Amino acid sequence: MIAQQLVNGLMLGAIYVLVAVSFTLSIGILNFLNFSIPGLFMVGGMVTWILIGKGLHWGLAILGAVAAAGLVALAVERLSYRRSQAREPEVPLVSSLGFLVLLENLALVGAGSDQQAFPALVPDFNLRIGGLVVGGAQLVSLAVALTLVVAISVVLSRTSLGRQVRSIAESRETAVILGIDVGRLVPGIFILSAVFTALGGVLFALNYLQVSPFMGEGVGFKGVAAMILGGMGSIWGAVAGGLLIGLTEVLSITYLGADVVNVTVYGLLLAVMVLRPQGLFGRPPAREKL
Amino acid sequence: MRTLLDIAGLSVAYGHVTALHELSLAVPEGGIVALLGANGAGKSSLLKAVAGVVRPRGGRVVFDGRDITGAGVPARLAGGLVLVPEGRRILVSLTIEENLLVGAHLRRDPDGVQRDIAAIYDRFPNLGRRRHMAASCLSGGEQQMLAVGRAMIARPRLLMLDEPSLGLSPLFIGHLFALIRELNRDGITILLVEQNTAQALAVAHKAAVLELGRIVMAGDPAQLAGDPRLAEAYLGRAAGEPAALH
């Protein structure tokens, strides 16, 4: 039943897409490989779970989790990115990795290391199209991911705000001369990136009905792989990379077994890097700027 | 003539290196003022400090009667103080039209912006024909025209140009200085930093020579052009040789 596996792969890929877009916004606009993103993914899932556990309506719980991720992203901007901007690019990379460790361990202290059961929020209905079965949560994931990606793409390419952001991506000094408010827009990019990631975490919880302090790691690395596969700094590249990795993962589990899934996923990345080092949608030699 | 820009005792320093030393300069409304001097004399620092890109250590900048020393870049742009930076700084990943639109991002009259963009395409048909192409396809001269166009769309009252002729072919340099005259006739005051001393003196109403962050000579361009010290230092001619313009 290969068609069914393709559907499942696309749905899983939708979650990778959100994480990959988050990475690509950060590296394409800010030139910052933000390793706190897997932590924000976890914050999205875990905080939603905690707030629902405290009796909040699920809508408010998701809103609270996204807001929490946004606040953490602002802290990363202030404490990690802004302080070490003028120095080596590796410095904020490593200190953002520190935020990931910090977030994971805070969650560990607060909730323990066990997988926690996440309530089924999307009614357990299945859409049957011909012989295909599409789950409700899967549909929600794909719809949310696609809507967000189309929205960000339109804002970046068509609006004044988008042009200002792309000016910052190309040259921050030029943006300052043109009177663009860099000091306000850069934290905005951090928040936007956090919203994408945290919603990815919520969708993950919605689909797999479980959360844990380390839920962001596997997805985070696949998100980086998806971004590189698609071409760094390209939003549609991140979409293609995310979907491709989701498909590869599901097909590999079905036909080759769960043991080799990382071999096929990262093998695919390696093969693309050898054949097309700039990624599928990337432009050599300079990185594409959104 | 009324003073549009009044710079008084302006000092700029980068760490321990002083770029401008208590410099004072008045730019009359409707005039063209040329700033001359060797590399590192402080010309670009002066323009950047006036544009608000660099914070001065001391002194005042008064534009149109208002003290703007503490104002940010957007406030200065909105007031009509616009810089065409050194090296043009075109955004090559954006299209030509997007570059113009970025220059207009502080304006709140979309119809007026569209009219002004159409006027720029009339003036520079090469830009209009390729409006939806990436700005990286433009030659150096066309990029300079786009940089001036991007400044025009911000509706300057004082246009500051930093080394606009740098790297251009003689033909484009001719176009550029004709354009500067034209913009000035339209009522825009110009503060021009140039290495191309002869051309700058020919177009200016007033000129000043900077050396190590200080004004060492100032006055009538024709007189300065004939000054043997300037000839020796910046025009590459021996003292006493006649100063032929153009």
# chains A, B, ... in the order shown; residues from 1 in each chain; ligands from 1
>>> interface_residues(of="chain A", to="chain B", cutoff="9 Å", atoms="only C-alpha atoms", output="list in words")
Ser160, Leu161, Arg163, Gln164, Arg166, Ser167, Glu170, Ser171, Glu173, Thr174, Val176, Ile177, Leu178, Gly179, Ile180, Asp181, Glu288, Lys289 and Leu290 of chain A
>>> select_by_dssp(residues="segment 48-274 of chain A", states="helix (DSSP H, G or I)", output="ChimeraX atom specification")
/A:48-53,58-81,90-111,136-158,160-170,172-177,182-208,215-230,235-256,258-274
>>> closest_residue(among="B:Lys43, B:Arg66, B:Arg214, B:Arg55", to="Leu161 of chain B", atoms="only C-alpha atoms")
B:Lys43
>>> closest_residue(among="A:Val76, A:Ile235, A:Val101, A:Leu229", to="Ser22 of chain A", atoms="only C-alpha atoms")
A:Ile235
>>> select_by_dssp(residues="segment 24-239 of chain A", states="strand (DSSP E)", output="PDB file with N, CA and C atoms, in the first residue's frame")
ATOM      1  N   GLN A 116       4.995  11.482  28.359  1.00  0.00           N
ATOM      2  CA  GLN A 116       3.711  11.796  28.969  1.00  0.00           C
ATOM      3  C   GLN A 116       2.602  11.670  27.927  1.00  0.00           C
ATOM      4  N   ALA A 117       1.472  11.106  28.366  1.00  0.00           N
ATOM      5  CA  ALA A 117       0.373  10.930  27.413  1.00  0.00           C
ATOM      6  C   ALA A 117      -0.298  12.271  27.144  1.00  0.00           C
ATOM      7  N   ASN A 126     -11.463   9.440  10.666  1.00  0.00           N
ATOM      8  CA  ASN A 126     -10.588   9.143   9.544  1.00  0.00           C
ATOM      9  C   ASN A 126     -11.294   9.497   8.250  1.00  0.00           C
ATOM     10  N   LEU A 127     -10.570  10.204   7.404  1.00  0.00           N
ATOM     11  CA  LEU A 127     -11.114  10.555   6.108  1.00  0.00           C
ATOM     12  C   LEU A 127     -10.711   9.449   5.142  1.00  0.00           C
ATOM     13  N   ARG A 128     -11.695   8.869   4.451  1.00  0.00           N
ATOM     14  CA  ARG A 128     -11.364   7.800   3.492  1.00  0.00           C
ATOM     15  C   ARG A 128     -11.529   8.325   2.077  1.00  0.00           C
ATOM     16  N   ILE A 129     -10.429   8.374   1.349  1.00  0.00           N
ATOM     17  CA  ILE A 129     -10.479   8.793  -0.056  1.00  0.00           C
ATOM     18  C   ILE A 129     -10.028   7.593  -0.871  1.00  0.00           C
ATOM     19  N   LEU A 132      -7.439   5.226   0.571  1.00  0.00           N
ATOM     20  CA  LEU A 132      -6.533   5.907   1.503  1.00  0.00           C
ATOM     21  C   LEU A 132      -7.237   6.305   2.785  1.00  0.00           C
ATOM     22  N   VAL A 133      -6.521   6.205   3.891  1.00  0.00           N
ATOM     23  CA  VAL A 133      -7.046   6.645   5.174  1.00  0.00           C
ATOM     24  C   VAL A 133      -6.194   7.811   5.658  1.00  0.00           C
ATOM     25  N   VAL A 134      -6.855   8.959   5.862  1.00  0.00           N
ATOM     26  CA  VAL A 134      -6.135  10.133   6.371  1.00  0.00           C
ATOM     27  C   VAL A 134      -6.710  10.488   7.724  1.00  0.00           C
ATOM     28  N   GLY A 135      -5.865  10.518   8.753  1.00  0.00           N
ATOM     29  CA  GLY A 135      -6.315  10.829  10.104  1.00  0.00           C
ATOM     30  C   GLY A 135      -6.612  12.313  10.263  1.00  0.00           C
ATOM     31  N   GLN A 210       1.859  12.012  22.577  1.00  0.00           N
ATOM     32  CA  GLN A 210       2.806  11.952  23.697  1.00  0.00           C
ATOM     33  C   GLN A 210       3.788  13.111  23.612  1.00  0.00           C
ATOM     34  N   VAL A 211       4.285  13.524  24.793  1.00  0.00           N
ATOM     35  CA  VAL A 211       5.316  14.559  24.858  1.00  0.00           C
ATOM     36  C   VAL A 211       6.394  14.096  25.836  1.00  0.00           C
TER      37      VAL A 211
END
>>> residues_around(residues="segment 212-228 of chain A", least_positions_apart="3", cutoff="9 Å", atoms="only C-alpha atoms", output="mmCIF file with N, CA and C atoms, in the first residue's frame")
data_model
loop_
_atom_site.group_PDB
_atom_site.id
_atom_site.type_symbol
_atom_site.label_atom_id
_atom_site.label_comp_id
_atom_site.auth_asym_id
_atom_site.auth_seq_id
_atom_site.Cartn_x
_atom_site.Cartn_y
_atom_site.Cartn_z
ATOM 1 N N ILE A 15 5.399 18.408 9.729
ATOM 2 C CA ILE A 15 5.988 18.857 10.996
ATOM 3 C C ILE A 15 7.453 19.251 10.788
ATOM 4 N N TYR A 16 8.179 18.453 9.985
ATOM 5 C CA TYR A 16 9.569 18.816 9.679
ATOM 6 C C TYR A 16 9.630 20.139 8.926
ATOM 7 N N VAL A 17 8.629 20.387 8.087
ATOM 8 C CA VAL A 17 8.601 21.631 7.310
ATOM 9 C C VAL A 17 8.616 22.831 8.255
ATOM 10 N N LEU A 18 7.760 22.786 9.298
ATOM 11 C CA LEU A 18 7.691 23.928 10.218
ATOM 12 C C LEU A 18 9.041 24.162 10.889
ATOM 13 N N VAL A 19 9.702 23.076 11.311
ATOM 14 C CA VAL A 19 10.994 23.224 11.978
ATOM 15 C C VAL A 19 12.050 23.711 10.986
ATOM 16 N N ALA A 20 12.015 23.157 9.772
ATOM 17 C CA ALA A 20 13.005 23.557 8.765
ATOM 18 C C ALA A 20 12.832 25.027 8.375
ATOM 19 N N VAL A 21 11.589 25.491 8.255
ATOM 20 C CA VAL A 21 11.352 26.902 7.923
ATOM 21 C C VAL A 21 11.869 27.789 9.052
ATOM 22 N N SER A 22 11.656 27.346 10.272
ATOM 23 C CA SER A 22 12.146 28.092 11.427
ATOM 24 C C SER A 22 13.671 28.245 11.372
ATOM 25 N N PHE A 23 14.363 27.139 11.080
ATOM 26 C CA PHE A 23 15.829 27.200 10.950
ATOM 27 C C PHE A 23 16.241 28.106 9.798
ATOM 28 N N THR A 24 15.521 27.992 8.697
ATOM 29 C CA THR A 24 15.931 28.722 7.496
ATOM 30 C C THR A 24 15.681 30.223 7.657
ATOM 31 N N PHE A 35 20.408 26.819 17.610
ATOM 32 C CA PHE A 35 20.240 25.464 18.123
ATOM 33 C C PHE A 35 19.269 25.383 19.294
ATOM 34 N N ILE A 37 16.222 25.940 18.771
ATOM 35 C CA ILE A 37 14.953 25.626 18.110
ATOM 36 C C ILE A 37 14.366 24.268 18.539
ATOM 37 N N PRO A 38 15.155 23.189 18.637
ATOM 38 C CA PRO A 38 14.564 21.935 19.141
ATOM 39 C C PRO A 38 13.972 22.095 20.546
ATOM 40 N N GLY A 39 14.584 22.964 21.346
ATOM 41 C CA GLY A 39 14.052 23.237 22.679
ATOM 42 C C GLY A 39 12.706 23.949 22.599
ATOM 43 N N LEU A 40 12.570 24.871 21.652
ATOM 44 C CA LEU A 40 11.301 25.586 21.482
ATOM 45 C C LEU A 40 10.208 24.637 21.000
ATOM 46 N N PHE A 41 10.604 23.659 20.192
ATOM 47 C CA PHE A 41 9.684 22.617 19.717
ATOM 48 C C PHE A 41 9.121 21.867 20.931
ATOM 49 N N MET A 42 10.027 21.503 21.830
ATOM 50 C CA MET A 42 9.625 20.800 23.055
ATOM 51 C C MET A 42 8.739 21.702 23.913
ATOM 52 N N VAL A 43 9.106 22.990 24.055
ATOM 53 C CA VAL A 43 8.288 23.926 24.833
ATOM 54 C C VAL A 43 6.864 23.958 24.271
ATOM 55 N N GLY A 45 5.150 21.575 22.729
ATOM 56 C CA GLY A 45 4.402 20.376 23.130
ATOM 57 C C GLY A 45 4.199 20.274 24.627
ATOM 58 N N MET A 46 5.292 20.463 25.388
ATOM 59 C CA MET A 46 5.237 20.253 26.842
ATOM 60 C C MET A 46 4.360 21.289 27.542
ATOM 61 N N LEU A 103 16.716 24.180 28.573
ATOM 62 C CA LEU A 103 15.269 23.954 28.441
ATOM 63 C C LEU A 103 14.925 22.489 28.696
ATOM 64 N N GLU A 104 15.712 21.593 28.108
ATOM 65 C CA GLU A 104 15.440 20.163 28.271
ATOM 66 C C GLU A 104 15.542 19.757 29.740
ATOM 67 N N ASN A 105 16.553 20.293 30.405
ATOM 68 C CA ASN A 105 16.727 19.891 31.804
ATOM 69 C C ASN A 105 15.697 20.525 32.727
ATOM 70 N N LEU A 106 15.250 21.740 32.389
ATOM 71 C CA LEU A 106 14.152 22.333 33.150
ATOM 72 C C LEU A 106 12.904 21.453 33.027
ATOM 73 N N ALA A 107 12.629 20.980 31.812
ATOM 74 C CA ALA A 107 11.473 20.119 31.590
ATOM 75 C C ALA A 107 11.641 18.797 32.325
ATOM 76 N N LEU A 108 12.877 18.321 32.339
ATOM 77 C CA LEU A 108 13.193 17.060 33.027
ATOM 78 C C LEU A 108 12.918 17.185 34.517
ATOM 79 N N ALA A 111 8.946 17.677 34.928
ATOM 80 C CA ALA A 111 7.978 16.656 34.523
ATOM 81 C C ALA A 111 8.551 15.245 34.507
ATOM 82 N N GLY A 112 9.836 15.094 34.804
ATOM 83 C CA GLY A 112 10.435 13.766 34.764
ATOM 84 C C GLY A 112 10.773 13.379 33.342
ATOM 85 N N SER A 113 11.514 12.291 33.189
ATOM 86 C CA SER A 113 12.026 11.934 31.867
ATOM 87 C C SER A 113 11.061 11.049 31.084
ATOM 88 N N ASP A 114 9.946 10.638 31.693
ATOM 89 C CA ASP A 114 9.030 9.720 31.012
ATOM 90 C C ASP A 114 8.295 10.408 29.865
ATOM 91 N N GLN A 115 7.861 9.583 28.928
ATOM 92 C CA GLN A 115 6.919 10.064 27.914
ATOM 93 C C GLN A 115 5.595 10.321 28.625
ATOM 94 N N GLN A 116 4.995 11.482 28.359
ATOM 95 C CA GLN A 116 3.711 11.796 28.969
ATOM 96 C C GLN A 116 2.602 11.670 27.927
ATOM 97 N N GLY A 201 5.752 21.601 17.447
ATOM 98 C CA GLY A 201 5.721 20.760 18.650
ATOM 99 C C GLY A 201 4.299 20.383 19.038
ATOM 100 N N PHE A 204 3.070 17.781 16.608
ATOM 101 C CA PHE A 204 3.709 16.499 16.919
ATOM 102 C C PHE A 204 2.943 15.801 18.045
ATOM 103 N N GLY A 231 18.208 23.693 0.707
ATOM 104 C CA GLY A 231 19.006 24.877 0.386
ATOM 105 C C GLY A 231 18.807 25.918 1.473
ATOM 106 N N MET A 232 19.874 26.252 2.193
ATOM 107 C CA MET A 232 19.748 27.145 3.352
ATOM 108 C C MET A 232 19.237 28.513 2.947
ATOM 109 N N GLY A 233 18.293 29.046 3.717
ATOM 110 C CA GLY A 233 17.779 30.384 3.465
ATOM 111 C C GLY A 233 16.602 30.402 2.496
ATOM 112 N N SER A 234 16.263 29.264 1.918
ATOM 113 C CA SER A 234 15.137 29.225 0.989
ATOM 114 C C SER A 234 13.919 28.593 1.670
ATOM 115 N N ILE A 235 12.817 29.347 1.720
ATOM 116 C CA ILE A 235 11.629 28.852 2.415
ATOM 117 C C ILE A 235 11.028 27.660 1.678
ATOM 118 N N GLY A 237 12.569 25.740 -0.308
ATOM 119 C CA GLY A 237 13.539 24.657 -0.154
ATOM 120 C C GLY A 237 13.293 23.902 1.141
ATOM 121 N N ALA A 238 12.996 24.641 2.212
ATOM 122 C CA ALA A 238 12.712 24.010 3.505
ATOM 123 C C ALA A 238 11.445 23.161 3.409
ATOM 124 N N VAL A 239 10.466 23.637 2.653
ATOM 125 C CA VAL A 239 9.226 22.872 2.464
ATOM 126 C C VAL A 239 9.534 21.563 1.730
ATOM 127 N N ALA A 240 10.276 21.674 0.623
ATOM 128 C CA ALA A 240 10.607 20.477 -0.153
ATOM 129 C C ALA A 240 11.437 19.509 0.686
ATOM 130 N N GLY A 241 12.429 20.040 1.398
ATOM 131 C CA GLY A 241 13.294 19.203 2.219
ATOM 132 C C GLY A 241 12.510 18.495 3.314
ATOM 133 N N GLY A 242 11.611 19.220 3.981
ATOM 134 C CA GLY A 242 10.822 18.640 5.065
ATOM 135 C C GLY A 242 9.934 17.506 4.576
ATOM 136 N N LEU A 243 9.251 17.743 3.465
ATOM 137 C CA LEU A 243 8.356 16.714 2.928
ATOM 138 C C LEU A 243 9.157 15.499 2.452
ATOM 139 N N LEU A 244 10.298 15.768 1.810
ATOM 140 C CA LEU A 244 11.130 14.680 1.296
ATOM 141 C C LEU A 244 11.655 13.809 2.443
ATOM 142 N N ILE A 245 12.054 14.436 3.527
ATOM 143 C CA ILE A 245 12.581 13.666 4.651
ATOM 144 C C ILE A 245 11.458 12.881 5.327
ATOM 145 N N GLY A 246 10.277 13.495 5.433
ATOM 146 C CA GLY A 246 9.131 12.767 5.986
ATOM 147 C C GLY A 246 8.817 11.521 5.159
ATOM 148 N N VAL A 265 17.675 8.442 5.923
ATOM 149 C CA VAL A 265 17.416 9.890 5.959
ATOM 150 C C VAL A 265 18.720 10.670 5.796
ATOM 151 N N TYR A 266 19.736 10.325 6.618
ATOM 152 C CA TYR A 266 20.978 11.094 6.538
ATOM 153 C C TYR A 266 21.803 10.674 5.334
ATOM 154 N N LEU A 269 20.578 12.907 2.676
ATOM 155 C CA LEU A 269 21.202 14.222 2.847
ATOM 156 C C LEU A 269 22.620 14.210 2.273
ATOM 157 N N MET A 273 24.127 16.342 -0.801
ATOM 158 C CA MET A 273 25.261 17.238 -0.575
ATOM 159 C C MET A 273 26.394 16.977 -1.559
ATOM 160 N N PRO A 277 25.779 20.531 -3.737
ATOM 161 C CA PRO A 277 26.172 21.017 -2.395
ATOM 162 C C PRO A 277 25.321 22.179 -1.892
ATOM 163 N N GLN A 278 24.728 22.946 -2.796
ATOM 164 C CA GLN A 278 23.961 24.104 -2.339
ATOM 165 C C GLN A 278 22.531 23.736 -1.953
ATOM 166 N N GLY A 279 22.195 22.429 -2.062
ATOM 167 C CA GLY A 279 20.838 22.003 -1.734
ATOM 168 C C GLY A 279 19.932 22.127 -2.941
ATOM 169 N N LEU A 280 18.719 21.583 -2.822
ATOM 170 C CA LEU A 280 17.829 21.518 -3.981
ATOM 171 C C LEU A 280 17.473 22.899 -4.519
ATOM 172 N N GLY A 282 18.879 25.852 -3.322
ATOM 173 C CA GLY A 282 19.896 26.849 -2.993
ATOM 174 C C GLY A 282 20.590 27.323 -4.249
#
>>> closest_residue(among="B:Ala204, B:Ile180, B:Ala222, B:Val17", to="Ser165 of chain B", atoms="only C-alpha atoms")
B:Ile180
>>> residues_around(residues="Trp58 of chain A", least_positions_apart="3", cutoff="9 Å", atoms="only C-alpha atoms", output="PyMOL selection string")
chain A and resi 48-49+51-52+55+61-63+121
>>> atom_distance(atom1="atom CA of Ala169 of chain A", atom2="atom CA of Gly140 of chain B")
22.0 Å
>>> residues_around(residues="Met217 of chain B", least_positions_apart="2", cutoff="12 Å", atoms="only C-alpha atoms", output="VMD selection string")
chain B and resid 25 34 to 37 206 to 211 214 to 215 219 to 221 223 to 225 227 to 230
>>> residues_around(residues="segment 89-98 of chain A", least_positions_apart="2", cutoff="7 Å", atoms="only C-alpha atoms", output="PyMOL selection string")
chain A and resi 32-36+76+80-81+84+87+100-102
>>> residues_around(residues="segment 115-130 of chain B", least_positions_apart="4", cutoff="8 Å", atoms="only C-alpha atoms", output="VMD selection string")
chain B and resid 96 100 111 142 145 to 146 149 153
